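Peer 1: Pasting work-v2.cif here (mmCIF, C-alpha atoms):
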data_my_file
#
loop_
_atom_site.label_atom_id
_atom_site.label_comp_id
_atom_site.auth_asym_id
_atom_site.auth_seq_id
_atom_site.Cartn_x
_atom_site.Cartn_y
_atom_site.Cartn_z
CA MET A 1 -32.72 22.96 10.15
CA GLN A 2 -36.35 22.05 10.86
CA ARG A 3 -37.12 22.07 7.15
CA LEU A 4 -33.81 20.49 6.10
CA ARG A 5 -35.47 17.46 4.55
CA PHE A 6 -37.37 19.74 2.18
CA LYS A 7 -34.17 21.52 1.09
CA LEU A 8 -32.02 18.45 0.44
CA PRO A 9 -32.46 15.93 -2.39
CA PRO A 10 -33.56 12.43 -1.37
CA PRO A 11 -30.68 10.54 0.33
CA ASN A 12 -30.89 7.65 -2.15
CA TYR A 13 -30.18 10.12 -4.97
CA LEU A 14 -26.98 11.17 -3.21
CA ILE A 15 -25.86 7.59 -2.58
CA THR A 16 -26.51 6.69 -6.21
CA PHE A 17 -24.67 9.79 -7.43
CA GLU A 18 -21.64 9.03 -5.22
CA ALA A 19 -21.39 5.47 -6.58
CA ALA A 20 -21.81 6.56 -10.21
CA ALA A 21 -19.28 9.38 -9.86
CA ARG A 22 -16.76 7.14 -8.10
CA HIS A 23 -16.97 4.46 -10.79
CA LEU A 24 -17.72 6.84 -13.68
CA SER A 25 -20.15 4.16 -14.76
CA PHE A 26 -23.88 3.74 -14.29
CA THR A 27 -23.52 0.00 -14.85
CA ARG A 28 -20.91 -0.53 -12.12
CA ALA A 29 -22.87 1.72 -9.76
CA ALA A 30 -25.96 -0.40 -10.39
CA GLU A 31 -24.01 -3.60 -9.62
CA GLU A 32 -22.68 -2.13 -6.38
CA LEU A 33 -26.11 -0.90 -5.26
CA ASN A 34 -27.89 -4.04 -6.46
CA VAL A 35 -30.30 -2.12 -8.68
CA THR A 36 -30.75 -1.86 -12.44
CA ARG A 37 -28.76 0.50 -14.65
CA VAL A 38 -32.04 2.13 -15.65
CA ALA A 39 -32.78 2.90 -11.99
CA VAL A 40 -29.37 4.55 -11.59
CA SER A 41 -29.87 6.62 -14.74
CA GLN A 42 -33.33 7.73 -13.63
CA GLN A 43 -32.12 8.78 -10.18
CA ILE A 44 -29.20 10.74 -11.66
CA LYS A 45 -31.57 12.53 -14.03
CA ALA A 46 -33.90 13.30 -11.12
CA LEU A 47 -30.99 14.69 -9.09
CA GLU A 48 -29.83 16.84 -12.02
CA SER A 49 -33.38 18.13 -12.41
CA TYR A 50 -33.54 18.89 -8.68
CA LEU A 51 -30.23 20.79 -8.80
CA GLY A 52 -30.88 22.43 -12.15
CA VAL A 53 -27.42 21.46 -13.52
CA LEU A 54 -25.85 18.60 -15.44
CA LEU A 55 -23.60 16.43 -13.26
CA PHE A 56 -22.37 14.06 -15.98
CA LEU A 57 -21.32 14.32 -19.61
CA ARG A 58 -22.74 11.27 -21.39
CA LEU A 59 -20.18 10.57 -24.09
CA HIS A 60 -19.95 7.58 -26.43
CA ARG A 61 -19.39 4.60 -24.11
CA THR A 62 -17.82 6.87 -21.49
CA LEU A 63 -19.01 9.02 -18.62
CA ARG A 64 -17.37 12.16 -17.28
CA LEU A 65 -18.21 14.56 -14.50
CA THR A 66 -18.97 18.15 -15.35
CA ARG A 67 -17.27 20.92 -13.34
CA ALA A 68 -20.39 21.11 -11.19
CA GLY A 69 -20.40 17.31 -10.88
CA GLU A 70 -16.79 17.28 -9.69
CA ARG A 71 -17.52 19.87 -6.99
CA TYR A 72 -20.69 18.08 -5.91
CA PHE A 73 -18.96 14.69 -5.80
CA GLU A 74 -16.29 16.08 -3.49
CA THR A 75 -18.96 17.50 -1.18
CA VAL A 76 -21.24 14.45 -1.21
CA SER A 77 -18.48 11.85 -0.79
CA PHE A 78 -16.98 13.80 2.12
CA ALA A 79 -20.39 14.09 3.81
CA LEU A 80 -21.23 10.41 3.35
CA GLU A 81 -17.82 9.37 4.71
CA ARG A 82 -18.42 11.51 7.81
CA ILE A 83 -21.87 9.95 8.28
CA LEU A 84 -20.42 6.44 7.84
CA LYS A 85 -17.60 7.10 10.29
CA GLY A 86 -19.99 8.53 12.87
CA THR A 87 -22.38 5.61 12.40
CA ASN A 88 -19.63 3.03 12.91
CA GLU A 89 -18.32 4.85 15.98
CA ILE A 90 -21.78 4.83 17.53
CA ARG A 91 -22.25 1.16 16.66
CA ARG A 92 -18.94 0.27 18.27
CA GLU A 93 -19.67 2.41 21.32
CA ASP A 94 -23.02 0.66 21.81
CA SER A 95 -21.54 -2.78 21.07
CA LYS A 96 -18.32 -2.88 23.08
CA ASN A 97 -18.84 -6.57 23.81
CA THR A 98 -19.69 -7.50 20.23
CA ILE A 99 -17.00 -8.46 17.73
CA THR A 100 -17.59 -8.54 13.98
CA ILE A 101 -15.18 -10.92 12.25
CA THR A 102 -14.77 -11.64 8.56
CA SER A 103 -12.93 -14.53 6.93
CA SER A 104 -13.15 -16.80 3.91
CA ALA A 105 -15.58 -19.71 3.80
CA GLY A 106 -12.71 -22.18 4.03
CA PHE A 107 -11.05 -20.61 7.05
CA SER A 108 -14.38 -20.04 8.77
CA SER A 109 -15.77 -23.57 8.39
CA LEU A 110 -12.53 -25.56 8.63
CA TRP A 111 -10.61 -23.70 11.33
CA LEU A 112 -12.36 -20.82 13.07
CA LEU A 113 -15.88 -22.10 13.82
CA PRO A 114 -14.71 -25.54 15.08
CA LYS A 115 -12.42 -23.76 17.57
CA ILE A 116 -14.48 -20.72 18.50
CA GLY A 117 -16.22 -22.60 21.30
CA GLN A 118 -12.97 -22.45 23.28
CA PHE A 119 -12.96 -18.65 23.09
CA ARG A 120 -16.64 -18.43 24.00
CA GLN A 121 -16.08 -20.60 27.08
CA GLU A 122 -13.36 -18.23 28.24
CA HIS A 123 -15.37 -15.09 27.39
CA PRO A 124 -19.12 -15.87 27.45
CA GLU A 125 -19.89 -12.16 27.84
CA ILE A 126 -18.62 -11.41 24.32
CA GLU A 127 -21.05 -11.70 21.41
CA MET A 128 -19.67 -12.60 17.99
CA ARG A 129 -20.87 -11.75 14.49
CA PHE A 130 -19.34 -13.52 11.49
CA LEU A 131 -19.27 -12.21 7.92
CA VAL A 132 -18.12 -15.03 5.65
CA SER A 133 -16.81 -13.83 2.30
CA ASP A 134 -14.25 -15.11 -0.21
CA THR A 135 -13.58 -11.53 -1.29
CA ASP A 136 -11.82 -8.99 0.91
CA LEU A 137 -14.49 -6.77 2.45
CA ASN A 138 -13.93 -3.11 3.27
CA LEU A 139 -13.62 -3.35 7.04
CA THR A 140 -14.72 0.24 7.70
CA ASN A 141 -17.75 0.15 5.40
CA GLU A 142 -18.93 -3.18 6.78
CA GLY A 143 -18.30 -2.30 10.43
CA VAL A 144 -15.79 -5.15 10.78
CA ASP A 145 -13.49 -5.26 13.81
CA VAL A 146 -11.08 -7.93 12.64
CA ALA A 147 -10.44 -9.90 9.45
CA ILE A 148 -8.50 -13.05 8.68
CA ARG A 149 -6.84 -12.32 5.35
CA TYR A 150 -5.21 -14.92 3.10
CA GLY A 151 -2.12 -13.87 1.23
CA ALA A 152 -2.25 -10.21 2.27
CA VAL A 153 1.15 -8.68 1.51
CA GLU A 154 0.05 -5.13 2.19
CA ALA A 155 -3.30 -3.54 2.80
CA VAL A 156 -4.09 0.17 2.85
CA GLY A 157 -5.52 1.29 6.18
CA LEU A 158 -4.94 -2.06 7.91
CA ASP A 159 -2.48 -3.36 10.48
CA LEU A 160 -1.45 -6.92 9.60
CA THR A 161 -0.13 -9.61 11.93
CA PHE A 162 1.28 -12.85 10.51
CA LEU A 163 -0.57 -15.93 11.75
CA VAL A 164 0.57 -19.01 9.85
CA GLN A 165 1.89 -20.27 6.53
CA GLU A 166 -0.16 -22.72 4.47
CA TYR A 167 1.35 -25.87 2.97
CA ILE A 168 -0.32 -28.45 0.75
CA PHE A 169 0.61 -32.01 -0.22
CA PRO A 170 -1.12 -35.16 -1.54
CA THR A 171 -3.66 -36.07 1.11
CA ALA A 172 -6.39 -38.68 1.32
CA ALA A 173 -8.83 -40.14 3.80
CA LYS A 174 -7.37 -42.87 6.02
CA VAL A 175 -9.94 -45.38 4.76
CA PHE A 176 -8.84 -44.64 1.18
CA ALA A 177 -5.11 -44.73 1.92
CA GLU A 178 -5.33 -48.05 3.78
CA LYS A 179 -6.36 -49.77 0.55
CA LEU A 180 -3.27 -48.55 -1.31
CA PRO A 181 0.14 -50.21 -1.56
CA PRO A 182 3.09 -48.09 -0.34
CA ILE A 183 3.65 -45.13 -2.68
CA ASN A 184 7.34 -44.37 -3.17
CA HIS A 185 7.41 -42.25 -6.33
CA PRO A 186 5.26 -39.25 -7.33
CA ALA A 187 4.47 -40.78 -10.73
CA GLU A 188 2.57 -43.57 -8.97
CA LEU A 189 -0.16 -41.05 -8.11
CA LEU A 190 -1.10 -40.95 -11.80
CA ALA A 191 -2.80 -44.29 -11.28
CA LEU A 192 -5.05 -42.91 -8.52
CA PRO A 193 -8.26 -40.84 -8.71
CA LEU A 194 -7.28 -37.22 -8.18
CA ILE A 195 -9.49 -34.45 -6.82
CA HIS A 196 -9.07 -31.26 -8.85
CA LEU A 197 -9.82 -27.68 -7.78
CA GLU A 198 -10.84 -25.33 -10.57
CA GLY A 199 -11.74 -21.67 -10.63
CA LYS A 200 -9.96 -18.53 -9.45
CA TYR A 201 -7.23 -20.28 -7.50
CA ASP A 202 -3.45 -20.11 -7.78
CA ILE A 203 -1.60 -22.47 -10.11
CA GLN A 204 0.09 -24.04 -7.05
CA THR A 205 -3.22 -25.73 -6.21
CA THR A 206 -3.22 -27.74 -9.44
CA TRP A 207 -1.97 -31.29 -9.90
CA LEU A 208 -0.07 -30.29 -13.05
CA HIS A 209 1.99 -27.89 -10.96
CA TRP A 210 2.59 -30.50 -8.27
CA PHE A 211 3.81 -33.15 -10.73
CA LYS A 212 6.05 -30.57 -12.41
CA GLU A 213 7.56 -29.66 -9.03
CA GLN A 214 8.29 -33.36 -8.44
CA GLY A 215 10.01 -33.69 -11.81
CA VAL A 216 7.26 -35.84 -13.33
CA LYS A 217 6.34 -35.12 -16.94
CA VAL A 218 2.58 -35.38 -17.43
CA ASP A 219 0.99 -35.33 -20.86
CA LYS A 220 -2.53 -35.86 -19.58
CA LEU A 221 -3.86 -36.07 -16.06
CA PRO A 222 -5.96 -39.10 -15.10
CA ARG A 223 -9.68 -38.73 -14.68
CA GLY A 224 -10.97 -37.77 -11.30
CA ILE A 225 -13.38 -35.41 -9.58
CA THR A 226 -13.33 -31.66 -10.25
CA VAL A 227 -14.93 -29.14 -7.89
CA ASN A 228 -14.86 -25.36 -7.75
CA THR A 229 -14.59 -24.63 -4.02
CA TYR A 230 -11.97 -25.48 -1.44
CA ASN A 231 -14.59 -26.79 1.00
CA ASN A 232 -15.80 -29.27 -1.60
CA VAL A 233 -12.25 -30.48 -2.21
CA VAL A 234 -11.90 -31.20 1.50
CA GLN A 235 -15.27 -32.93 1.77
CA THR A 236 -14.58 -35.08 -1.28
CA ALA A 237 -11.25 -36.16 0.21
CA LEU A 238 -12.83 -36.91 3.60
CA ASP A 239 -15.41 -39.05 1.82
CA GLY A 240 -12.61 -41.23 0.45
CA GLN A 241 -13.17 -40.28 -3.19
CA GLY A 242 -9.52 -39.68 -4.06
CA VAL A 243 -6.35 -37.71 -3.40
CA ALA A 244 -6.39 -33.93 -2.87
CA LEU A 245 -3.73 -31.24 -2.60
CA ILE A 246 -4.55 -29.84 0.84
CA GLY A 247 -2.75 -29.34 4.12
CA PRO A 248 -2.24 -27.29 7.27
CA PRO A 249 -3.35 -25.10 8.88
CA LEU A 250 -6.91 -25.76 7.69
CA MET A 251 -6.41 -29.54 7.63
CA GLN A 252 -4.48 -29.75 10.89
CA ARG A 253 -7.29 -31.20 13.00
CA TYR A 254 -8.01 -33.90 10.42
CA LEU A 255 -4.31 -34.76 10.18
CA ASN A 256 -4.08 -34.83 13.97
CA ASP A 257 -7.02 -37.21 14.44
CA GLY A 258 -6.03 -39.41 11.51
CA SER A 259 -9.07 -38.72 9.34
CA LEU A 260 -6.69 -37.51 6.64
CA VAL A 261 -3.14 -38.76 5.97
CA ARG A 262 -0.24 -37.88 3.71
CA ILE A 263 0.12 -40.63 1.16
CA ILE A 264 3.65 -39.89 -0.07
CA ASP A 265 6.77 -38.48 1.53
CA ALA A 266 7.35 -35.55 -0.82
CA PRO A 267 8.21 -31.89 -0.15
CA PRO A 268 5.08 -29.84 0.54
CA ILE A 269 4.10 -26.93 -1.70
CA LYS A 270 4.39 -23.61 0.13
CA ARG A 271 1.28 -21.52 -0.32
CA ARG A 272 0.26 -18.10 0.96
CA ALA A 273 0.06 -17.06 4.60
CA PHE A 274 -2.87 -16.10 6.81
CA PHE A 275 -2.82 -12.68 8.48
CA LEU A 276 -4.84 -10.99 11.20
CA ALA A 277 -6.04 -7.60 9.94
CA VAL A 278 -7.51 -4.72 11.94
CA PRO A 279 -8.38 -1.17 10.81
CA LYS A 280 -5.76 1.43 11.64
CA GLU A 281 -8.27 4.23 12.01
CA HIS A 282 -9.76 3.21 15.35
CA GLU A 283 -8.56 1.68 18.59
CA PRO A 284 -9.71 -1.96 18.95
CA SER A 285 -12.21 -2.58 21.72
CA HIS A 286 -11.24 -4.67 24.73
CA ALA A 287 -13.26 -7.57 23.34
CA THR A 288 -11.45 -7.34 20.01
CA LYS A 289 -8.06 -7.30 21.74
CA LEU A 290 -9.02 -10.44 23.66
CA PHE A 291 -10.02 -12.22 20.44
CA ASN A 292 -6.87 -11.11 18.61
CA ALA A 293 -4.66 -12.36 21.44
CA TRP A 294 -6.55 -15.66 21.51
CA ILE A 295 -6.22 -16.41 17.80
CA ILE A 296 -2.52 -15.49 17.76
CA GLU A 297 -2.00 -17.82 20.71
CA GLN A 298 -3.78 -20.66 18.90
CA PHE A 299 -1.34 -20.56 16.02
CA SER A 300 1.62 -20.16 18.37
CA LYS A 301 0.54 -23.37 20.12
CA GLN A 302 0.15 -25.14 16.78
CA GLU A 303 3.70 -24.23 15.75
CA CYS A 304 5.06 -25.63 19.02
CA GLN A 305 3.34 -28.99 18.59
#
The structure given in the file should be rewritten as structure tokens.
Peer 2:
Amino acid sequence: MQRLRFKLPPPNYLITFEAAARHLSFTRAAEELNVTRVAVSQQIKALESYLGVLLFLRLHRTLRLTRAGERYFETVSFALERILKGTNEIRREDSKNTITITSSAGFSSLWLLPKIGQFRQEHPEIEMRFLVSDTDLNLTNEGVDVAIRYGAVEAVGLDLTFLVQEYIFPTAAKVFAEKLPPINHPAELLALPLIHLEGKYDIQTTWLHWFKEQGVKVDKLPRGITVNTYNNVVQTALDGQGVALIGPPLMQRYLNDGSLVRIIDAPPIKRRAFFLAVPKEHEPSHATKLFNAWIIEQFSKQECQ
């Protein structure tokens, strides 16, 4: 064991091999590891030279594991998973009063961070670490204790708890709405500047969908402002630049204080729900249980109001 480091290949070779074998692609492995494809190829060649066997069959535009590669992938992936699990267990053991939370940028900035001061006042001994991401992170790999997931119907390895349903409707800043005459029919919104959200969002977030749901035929939408993030939609609406399709729970505090108002009495569009997600594979720490109970209580209070 004293000379183990001289008998094993460099750890970065093993990590690169595991990624390449899992994806069966040097390109995708390079993207995951944030290195170049050439670097991945060179490390795989170096590992094959170290072992004295071929691990991959380089075919035309495809990559396959050799028999030796398959056996080695099973061994390496199992070993790395054990190391990762042990590392996370140690981190959690040494950080019982630290919670790592992940959520989307919208939920984090519009709901969680404005309210988190309440939790910190109640539990000043608990330290909090936030990982903001609009993609669903692997909770185990990232050492995450709890995630707020949007639209999670099922998730492998996670326990999900329903928090709240999202609804959206035509919303504008109070200062903008006060300048408008009463709006009684959905078609009247076609005369107003609309704030559009583009990108990888559901069709329910579009104005075309909203007008269709209201029975209004639209050949061409009026000009307005188009942005590609939810946070920018909200900020543009708060600035009084037009009408946006947004709503609770993320807009609840603005609706409560009157900064934003509904400008037409029309049925809201039901969107996805927010869920609390925790890994099944380990028992939540006391600090995590306190946070989970707190956030569930916040939405329970909101429903009662």
Peer 1: Residues near A:Asp202, anyone? I mean within 12 Å using only C-alpha atoms, not counting same-chain ones fewer than 6 positions away, as an NGL selection string.
Peer 2: :A and (151 or 208-209 or 230 or 269-272)
Peer 1: Go ahead and save the residues from that selection, with C-alpha atoms, as an mmCIF file, in the frame of the given file.
Peer 2:
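Contents of result.cif, as written:
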data_model
loop_
_atom_site.group_PDB
_atom_site.id
_atom_site.type_symbol
_atom_site.label_atom_id
_atom_site.label_comp_id
_atom_site.auth_asym_id
_atom_site.auth_seq_id
_atom_site.Cartn_x
_atom_site.Cartn_y
_atom_site.Cartn_z
ATOM 1 C CA GLY A 151 -2.120 -13.870 1.230
ATOM 2 C CA LEU A 208 -0.070 -30.290 -13.050
ATOM 3 C CA HIS A 209 1.990 -27.890 -10.960
ATOM 4 C CA TYR A 230 -11.970 -25.480 -1.440
ATOM 5 C CA ILE A 269 4.100 -26.930 -1.700
ATOM 6 C CA LYS A 270 4.390 -23.610 0.130
ATOM 7 C CA ARG A 271 1.280 -21.520 -0.320
ATOM 8 C CA ARG A 272 0.260 -18.100 0.960
#
Peer 1: Return as a list in words the set of residues that the PyMOL selection byres ((chain A and resi 132) around 12) yields on the displayed structure.
Peer 2: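 What the PyMOL selection byres ((chain A and resi 132) around 12) grabs from the file is Thr100, Ile101, Thr102, Ser103, Ser104, Ala105, Gly106, Phe107, Ser108, Ser109, Leu112, Leu113, Arg129, Phe130, Leu131, Ser133, Asp134, Thr135, Asp136, Leu137, Glu142, Val144, Ala147, Ile148 and Arg149 of chain A.
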Peer 1: Quick one: residues within 8 Å of stretch 73-78 of chain A, only C-alpha atoms counted, chain neighbours fewer than 3 positions away excluded, as a PDB file with C-alpha atoms, in the coordinates of the input?
Peer 2:
ATOM      1  CA  LEU A  14     -26.980  11.170  -3.210  1.00  0.00           C
ATOM      2  CA  PHE A  17     -24.670   9.790  -7.430  1.00  0.00           C
ATOM      3  CA  GLU A  18     -21.640   9.030  -5.220  1.00  0.00           C
ATOM      4  CA  ALA A  21     -19.280   9.380  -9.860  1.00  0.00           C
ATOM      5  CA  GLY A  69     -20.400  17.310 -10.880  1.00  0.00           C
ATOM      6  CA  GLU A  70     -16.790  17.280  -9.690  1.00  0.00           C
ATOM      7  CA  GLU A  81     -17.820   9.370   4.710  1.00  0.00           C
ATOM      8  CA  ARG A  82     -18.420  11.510   7.810  1.00  0.00           C
TER       9      ARG A  82
END
Peer 1: For a quick check of understanding, using all atoms listed in the file, which of A:Gln165, A:Asn292, A:Thr205, A:Thr16 has the smallest distance to A:Leu47?
Peer 2: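 Ranking A:Gln165, A:Asn292, A:Thr205, A:Thr16 by distance to A:Leu47, first place goes to A:Thr16.
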Peer 1: Contacts of A:Ala172 at 12 Å or less, counting only C-alpha atoms, minus same-chain residues fewer than 4 places along, as a PDB file with C-alpha atoms, in the frame of the given file?
Peer 2:
ATOM      1  CA  ILE A 168      -0.320 -28.450   0.750  1.00  0.00           C
ATOM      2  CA  PHE A 176      -8.840 -44.640   1.180  1.00  0.00           C
ATOM      3  CA  ALA A 177      -5.110 -44.730   1.920  1.00  0.00           C
ATOM      4  CA  GLU A 178      -5.330 -48.050   3.780  1.00  0.00           C
ATOM      5  CA  LYS A 179      -6.360 -49.770   0.550  1.00  0.00           C
ATOM      6  CA  LEU A 180      -3.270 -48.550  -1.310  1.00  0.00           C
ATOM      7  CA  LEU A 189      -0.160 -41.050  -8.110  1.00  0.00           C
ATOM      8  CA  LEU A 192      -5.050 -42.910  -8.520  1.00  0.00           C
ATOM      9  CA  PRO A 193      -8.260 -40.840  -8.710  1.00  0.00           C
ATOM     10  CA  LEU A 194      -7.280 -37.220  -8.180  1.00  0.00           C
ATOM     11  CA  ILE A 195      -9.490 -34.450  -6.820  1.00  0.00           C
ATOM     12  CA  VAL A 233     -12.250 -30.480  -2.210  1.00  0.00           C
ATOM     13  CA  VAL A 234     -11.900 -31.200   1.500  1.00  0.00           C
ATOM     14  CA  GLN A 235     -15.270 -32.930   1.770  1.00  0.00           C
ATOM     15  CA  THR A 236     -14.580 -35.080  -1.280  1.00  0.00           C
ATOM     16  CA  ALA A 237     -11.250 -36.160   0.210  1.00  0.00           C
ATOM     17  CA  LEU A 238     -12.830 -36.910   3.600  1.00  0.00           C
ATOM     18  CA  ASP A 239     -15.410 -39.050   1.820  1.00  0.00           C
ATOM     19  CA  GLY A 240     -12.610 -41.230   0.450  1.00  0.00           C
ATOM     20  CA  GLN A 241     -13.170 -40.280  -3.190  1.00  0.00           C
ATOM     21  CA  GLY A 242      -9.520 -39.680  -4.060  1.00  0.00           C
ATOM     22  CA  VAL A 243      -6.350 -37.710  -3.400  1.00  0.00           C
ATOM     23  CA  ALA A 244      -6.390 -33.930  -2.870  1.00  0.00           C
ATOM     24  CA  LEU A 245      -3.730 -31.240  -2.600  1.00  0.00           C
ATOM     25  CA  ILE A 246      -4.550 -29.840   0.840  1.00  0.00           C
ATOM     26  CA  GLY A 247      -2.750 -29.340   4.120  1.00  0.00           C
ATOM     27  CA  MET A 251      -6.410 -29.540   7.630  1.00  0.00           C
ATOM     28  CA  TYR A 254      -8.010 -33.900  10.420  1.00  0.00           C
ATOM     29  CA  LEU A 255      -4.310 -34.760  10.180  1.00  0.00           C
ATOM     30  CA  GLY A 258      -6.030 -39.410  11.510  1.00  0.00           C
ATOM     31  CA  SER A 259      -9.070 -38.720   9.340  1.00  0.00           C
ATOM     32  CA  LEU A 260      -6.690 -37.510   6.640  1.00  0.00           C
ATOM     33  CA  VAL A 261      -3.140 -38.760   5.970  1.00  0.00           C
ATOM     34  CA  ARG A 262      -0.240 -37.880   3.710  1.00  0.00           C
ATOM     35  CA  ILE A 263       0.120 -40.630   1.160  1.00  0.00           C
ATOM     36  CA  ILE A 264       3.650 -39.890  -0.070  1.00  0.00           C
TER      37      ILE A 264
END
Peer 1: Can you translate the PyMOL selection byres ((chain A and resi 50) around 12) into the concrete residues it hits in this file, as JSON, numbers by chain?
Peer 2: {"A": [6, 7, 8, 9, 10, 13, 14, 43, 44, 45, 46, 47, 48, 49, 51, 52, 53, 54, 55]}
Peer 1: Can you translate the PyMOL selection byres ((chain A and resi 20) around 10) into the concrete residues it hits in this file, as a VMD selection string?
Peer 2: chain A and resid 14 to 19 21 to 30 32 to 33 40 to 41 44 56 63 65 73
Peer 1: Atoms to include: C-alpha atoms. Write the selected residues as a compact mmCIF listing (two decimals), keeping the file's coordinate frame.
Peer 2:
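So the final result, stored in selection-v4.txt, reads:
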# COMPACT_ATOMS: atom_id res chain seq x y z
CA LEU A 14 -26.98 11.17 -3.21
CA ILE A 15 -25.86 7.59 -2.58
CA THR A 16 -26.51 6.69 -6.21
CA PHE A 17 -24.67 9.79 -7.43
CA GLU A 18 -21.64 9.03 -5.22
CA ALA A 19 -21.39 5.47 -6.58
CA ALA A 21 -19.28 9.38 -9.86
CA ARG A 22 -16.76 7.14 -8.10
CA HIS A 23 -16.97 4.46 -10.79
CA LEU A 24 -17.72 6.84 -13.68
CA SER A 25 -20.15 4.16 -14.76
CA PHE A 26 -23.88 3.74 -14.29
CA THR A 27 -23.52 0.00 -14.85
CA ARG A 28 -20.91 -0.53 -12.12
CA ALA A 29 -22.87 1.72 -9.76
CA ALA A 30 -25.96 -0.40 -10.39
CA GLU A 32 -22.68 -2.13 -6.38
CA LEU A 33 -26.11 -0.90 -5.26
CA VAL A 40 -29.37 4.55 -11.59
CA SER A 41 -29.87 6.62 -14.74
CA ILE A 44 -29.20 10.74 -11.66
CA PHE A 56 -22.37 14.06 -15.98
CA LEU A 63 -19.01 9.02 -18.62
CA LEU A 65 -18.21 14.56 -14.50
CA PHE A 73 -18.96 14.69 -5.80
Peer 1: Work out how far atom CA of A:Pro186 is from atom CA of A:Lys212, in Å to one decimal.
Peer 2: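 Computing the Euclidean distance for atom CA of A:Lys212 and atom CA of A:Pro186 yields 10.1 Å.
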Peer 1: What is the atom CA of A:Asn184-atom CA of A:Thr226 distance in Å, reported with one decimal?
Peer 2: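 These atoms are spaced 25.3 Å apart.
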